[in-house]
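What follows is a single structure, written as structure tokens, with notes after it.
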Amino acid sequence: NIFMKITCLKNHFKEAINLCERITGKNLSLPILNNVLISTDNRILRFTATNLELGIEVEVPAKIEKKGKLAVPAGIINNFLANLAGDENITLEEQNNNLFISTSNSSTLIKGQSPDDFPILPKIKSENPILIPINDFISGLKSVWYACSVSNIKPEISSVYLFSNKTNPLTVAATDSFRLAERKFNYNFQNLGSLLVPLKTVTEILRIFDGREGKLKLIADKNQISIEFENITFISRLTE
């Protein structure tokens, strides 16, 4: 029985799996977290990965003949894609809980898992998200993140501090208690307040968004932050 049938461009598929694989949890007690969740929504193919601290959702355009969803090991898909030459379409089919991936000259069958156990990514609602130019946000983090503590004993100093309100400009700072790095920008976000972004999260933000052009949409509550750009949504827990 075929429950899902989708065709998309190989480079879209490859980029999405690449972004997701780094976020998958290397978790022995929750093996479902080693997987990427592949699901469909109208003409969108969605890839989701999480390790319960961080989560990512990447959407790519696709031709969807049959809807469905399936959890599949991200590393195994990546290994298969790494050996594919040419840049053509790729077809994904679910067959009895397995994922059959085929191109015009190669194919593979990857054992999948039931998507029902896959955790749902939290959604953060906000009336007024913050829009920040990517190059400012990235260069702000790069200006300070080396000063974070790399030990997790005190999570607050292995984090980057972001702060802005009506009267204070956007400030990015980090310290390991021996040294302090701080950078200020000449604009304010009145509803940002203060956030502590874990170092692991900062590393992933730099990996995912560095080199892209445009503005990031930031939404935060007291526990987590969501960063959106075009087809990518990245979510992380914040340090208290």
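To be explicit about the labels: the chains of the structure tokens are called A, B, and onward in the order shown, and within each one the residues are counted from 1, while ligands get numbers from 1 in the order they are shown.
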Extract, using only C-alpha atoms, all DNA, RNA and protein residues at most 6 Å from range 59-63 of chain A, discarding same-chain residues fewer than 5 positions from it, and format them as an MDAnalysis selection string. chainID A and resid 6:8 43:46 231
Would you write out those residues with N, CA and C atoms, as an mmCIF file, in the first residue's frame?
```
data_model
loop_
_atom_site.group_PDB
_atom_site.id
_atom_site.type_symbol
_atom_site.label_atom_id
_atom_site.label_comp_id
_atom_site.auth_asym_id
_atom_site.auth_seq_id
_atom_site.Cartn_x
_atom_site.Cartn_y
_atom_site.Cartn_z
ATOM 1 N N ILE A 6 5.168 11.787 -3.236
ATOM 2 C CA ILE A 6 5.565 13.189 -3.376
ATOM 3 C C ILE A 6 6.734 13.272 -4.343
ATOM 4 N N THR A 7 6.757 14.335 -5.154
ATOM 5 C CA THR A 7 7.934 14.606 -5.987
ATOM 6 C C THR A 7 8.420 16.015 -5.675
ATOM 7 N N CYS A 8 9.738 16.150 -5.505
ATOM 8 C CA CYS A 8 10.288 17.501 -5.279
ATOM 9 C C CYS A 8 11.689 17.571 -5.881
ATOM 10 N N ARG A 43 0.399 21.980 -0.964
ATOM 11 C CA ARG A 43 1.514 21.769 -1.908
ATOM 12 C C ARG A 43 2.868 21.888 -1.232
ATOM 13 N N ILE A 44 2.853 21.728 0.069
ATOM 14 C CA ILE A 44 4.077 21.906 0.849
ATOM 15 C C ILE A 44 4.523 20.565 1.423
ATOM 16 N N LEU A 45 5.823 20.322 1.326
ATOM 17 C CA LEU A 45 6.436 19.165 1.966
ATOM 18 C C LEU A 45 7.178 19.710 3.182
ATOM 19 N N ARG A 46 6.876 19.154 4.355
ATOM 20 C CA ARG A 46 7.447 19.717 5.588
ATOM 21 C C ARG A 46 8.365 18.705 6.254
ATOM 22 N N ASN A 231 11.349 29.803 4.468
ATOM 23 C CA ASN A 231 10.735 28.479 4.655
ATOM 24 C C ASN A 231 11.234 27.750 5.905
#
```
Please give the complete set of residues from range 46-216 of chain A that DSSP, run on the backbone, assigns to alpha helix (DSSP H), formatted as an MDAnalysis selection string. chainID A and resid 74:82 134:144 199:209
Using only C-alpha atoms: which of A:Arg237, A:Lys222, A:Lys123, A:Arg212 has the shortest distance to Glu57 in chain A: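 Closest to Glu57 in chain A, using only C-alpha atoms: A:Lys123.
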Taking only C-alpha atoms into account, name the residue in A:Ile235, A:Ile64, A:Leu9, A:Leu199 that is nearest to Asn152 in chain A.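 Closest candidate: A:Leu199.
Using only C-alpha atoms, the contacts of Thr48 in chain A at a cut-off of 8 Å, with sequence neighbours closer than 4 positions omitted, comprise Cys20, Val36, Leu37, Ile38, Gly55, Ile56, Glu57 and Val58 of chain A.
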What's around range 191-195 of chain A at 7 Å? Count only C-alpha atoms, leave out sequence neighbours fewer than 3 positions away in its own chain, and write the answer as number ranges by chain. A: 161-165
Determine which residues of range 191-233 of chain A receive a DSSP assignment of strand (DSSP E), computed from the backbone, and state them as a list of chain:residue names.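 Strand (DSSP E) members of range 191-233 of chain A, listed: A:Gly193, A:Ser194, A:Leu195, A:Leu196, A:Val197, A:Pro198, A:Lys215, A:Leu216, A:Lys217, A:Leu218, A:Ile219, A:Ala220, A:Gln224, A:Ile225, A:Ser226, A:Ile227, A:Glu228, A:Phe229, A:Ile232, A:Thr233.
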Which of these, A:Ser236, A:Asn79, A:Asn11, A:Thr24, has the shortest distance to Phe118 in chain A once you count only C-alpha atoms? A:Thr24
Could you name the residues that touch range 153-155 of chain A at 9 Å or less, counting only C-alpha atoms, but leaving out those on the same chain fewer than 3 positions away, as a list in words?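 Close residues of range 153-155 of chain A: Ser149, Ser158, Ser159, Pro198, Leu199, Thr239 and Glu240 of chain A.
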Selection above as a file: N, CA, C and O atoms, as a PDB file, in the first residue's frame:
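Generated file (part.pdb):
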```pdb
ATOM      1  N   SER A 149      30.845  31.022  28.545  1.00  0.00           N
ATOM      2  CA  SER A 149      31.458  29.864  29.203  1.00  0.00           C
ATOM      3  C   SER A 149      31.059  28.606  28.441  1.00  0.00           C
ATOM      4  O   SER A 149      29.918  28.481  28.008  1.00  0.00           O
ATOM      5  N   SER A 158      26.759  30.283  30.072  1.00  0.00           N
ATOM      6  CA  SER A 158      27.035  29.641  28.779  1.00  0.00           C
ATOM      7  C   SER A 158      25.886  29.985  27.825  1.00  0.00           C
ATOM      8  O   SER A 158      25.387  29.150  27.091  1.00  0.00           O
ATOM      9  N   SER A 159      25.473  31.259  27.881  1.00  0.00           N
ATOM     10  CA  SER A 159      24.406  31.777  27.030  1.00  0.00           C
ATOM     11  C   SER A 159      24.789  33.175  26.557  1.00  0.00           C
ATOM     12  O   SER A 159      25.628  33.835  27.171  1.00  0.00           O
ATOM     13  N   PRO A 198      20.950  29.960  24.841  1.00  0.00           N
ATOM     14  CA  PRO A 198      22.033  29.003  25.121  1.00  0.00           C
ATOM     15  C   PRO A 198      23.072  28.961  23.996  1.00  0.00           C
ATOM     16  O   PRO A 198      22.737  29.134  22.819  1.00  0.00           O
ATOM     17  N   LEU A 199      24.325  28.718  24.384  1.00  0.00           N
ATOM     18  CA  LEU A 199      25.425  28.674  23.418  1.00  0.00           C
ATOM     19  C   LEU A 199      25.163  27.666  22.297  1.00  0.00           C
ATOM     20  O   LEU A 199      25.427  27.934  21.124  1.00  0.00           O
ATOM     21  N   THR A 239      17.515  29.949  28.310  1.00  0.00           N
ATOM     22  CA  THR A 239      18.041  29.728  29.658  1.00  0.00           C
ATOM     23  C   THR A 239      17.243  30.628  30.611  1.00  0.00           C
ATOM     24  O   THR A 239      16.938  31.758  30.266  1.00  0.00           O
ATOM     25  N   GLU A 240      16.936  30.101  31.771  1.00  0.00           N
ATOM     26  CA  GLU A 240      16.173  30.936  32.728  1.00  0.00           C
ATOM     27  C   GLU A 240      17.048  32.047  33.290  1.00  0.00           C
ATOM     28  O   GLU A 240      18.218  31.828  33.522  1.00  0.00           O
TER      29      GLU A 240
END
```
Could you tell me which of A:Asn96, A:Thr103, A:Ser226, A:Thr175 comes closest to Trp145 in chain A if we count only C-alpha atoms?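 Checking each candidate against Trp145 in chain A, we get A:Thr175 as the closest.
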Between A:Leu170, A:Ile132, A:Leu206, A:Leu99, which one has atoms that come closest to Phe185 in chain A, using only C-alpha atoms?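 That would be A:Leu170, the residue with the smallest distance to Phe185 in chain A.
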Take CA of Leu131 in chain A and CA of Glu213 in chain A and report the distance between them in Å, one decimal. 13.0 Å
When you count only C-alpha atoms, which of these residues is closest to Lys66 in chain A: A:Asn83, A:Asn89, A:Gln95, A:Gln224?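 Ranked by minimum distance to Lys66 in chain A, first place goes to A:Gln95.
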Pick out the residues sitting within 9 Å of Gly214 in chain A, and hand them over as a ChimeraX atom specification; count only C-alpha atoms, and ignore anything fewer than 4 positions along from it in its own chain. /A:132-135,229
Which residues are near Leu81 in chain A? Cut-off 12 Å, only C-alpha atoms, ignore same chain within fewer than 6 positions. Put them as a compact mmCIF listing (two decimals) with N, CA, C and O atoms, in the first residue's frame.
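Writing done, so here's around35.txt:
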```
# COMPACT_ATOMS: atom_id res chain seq x y z
N LYS A 10 15.64 17.69 -5.99
CA LYS A 10 16.64 17.06 -5.12
C LYS A 10 17.33 18.09 -4.23
O LYS A 10 17.55 17.84 -3.04
N ASN A 11 17.68 19.26 -4.80
CA ASN A 11 18.44 20.21 -3.96
C ASN A 11 17.60 20.77 -2.81
O ASN A 11 18.10 21.02 -1.73
N HIS A 12 16.27 20.92 -3.02
CA HIS A 12 15.39 21.34 -1.91
C HIS A 12 15.37 20.27 -0.82
O HIS A 12 15.47 20.56 0.38
N PHE A 13 15.24 19.02 -1.26
CA PHE A 13 15.17 17.89 -0.32
C PHE A 13 16.47 17.78 0.47
O PHE A 13 16.48 17.64 1.69
N LYS A 14 17.58 17.92 -0.26
CA LYS A 14 18.89 17.77 0.36
C LYS A 14 19.14 18.87 1.41
O LYS A 14 19.62 18.60 2.51
N GLU A 15 18.77 20.10 1.05
CA GLU A 15 19.00 21.21 2.00
C GLU A 15 18.16 21.00 3.26
O GLU A 15 18.63 21.19 4.38
N ALA A 16 16.91 20.59 3.07
CA ALA A 16 16.03 20.39 4.22
C ALA A 16 16.56 19.29 5.15
O ALA A 16 16.61 19.46 6.37
N ILE A 17 17.00 18.18 4.57
CA ILE A 17 17.53 17.08 5.39
C ILE A 17 18.81 17.50 6.09
O ILE A 17 19.04 17.19 7.26
N ASN A 18 19.66 18.25 5.38
CA ASN A 18 20.89 18.77 5.99
C ASN A 18 20.62 19.62 7.22
O ASN A 18 21.28 19.48 8.25
N ALA A 74 17.31 10.55 9.80
CA ALA A 74 17.86 11.62 8.97
C ALA A 74 19.24 11.26 8.44
O ALA A 74 19.58 11.54 7.28
N GLY A 75 20.06 10.62 9.27
CA GLY A 75 21.43 10.29 8.87
C GLY A 75 21.46 9.34 7.68
O GLY A 75 22.29 9.50 6.78
N ASP A 87 21.11 16.64 -10.77
CA ASP A 87 20.22 17.48 -9.97
C ASP A 87 18.82 17.40 -10.54
O ASP A 87 18.34 18.30 -11.20
N GLU A 88 18.19 16.26 -10.32
CA GLU A 88 16.87 16.08 -10.93
C GLU A 88 15.81 16.00 -9.84
O GLU A 88 16.05 16.32 -8.69
N ILE A 90 13.22 14.13 -7.29
CA ILE A 90 13.32 12.97 -6.42
C ILE A 90 11.90 12.61 -6.00
O ILE A 90 11.09 13.50 -5.77
N ILE A 101 12.72 6.01 -1.75
CA ILE A 101 13.21 7.23 -2.41
C ILE A 101 13.75 6.83 -3.76
O ILE A 101 14.58 5.92 -3.86
N SER A 102 13.31 7.53 -4.82
CA SER A 102 13.82 7.16 -6.14
C SER A 102 14.09 8.39 -6.99
O SER A 102 13.44 9.42 -6.86
N THR A 103 15.12 8.28 -7.85
CA THR A 103 15.39 9.28 -8.89
C THR A 103 15.39 8.50 -10.20
O THR A 103 15.12 7.29 -10.21
N SER A 106 18.46 5.89 -9.57
CA SER A 106 18.80 5.15 -8.34
C SER A 106 17.63 5.18 -7.38
O SER A 106 16.76 6.05 -7.47
N SER A 107 17.62 4.22 -6.47
CA SER A 107 16.53 4.19 -5.49
C SER A 107 17.00 3.47 -4.24
O SER A 107 17.98 2.73 -4.25
N THR A 108 16.26 3.70 -3.14
CA THR A 108 16.59 3.02 -1.89
C THR A 108 15.31 2.90 -1.06
O THR A 108 14.39 3.69 -1.24
```
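You will find CA of Val202 in chain A at 9.3 Å from CA of Ile138 in chain A.
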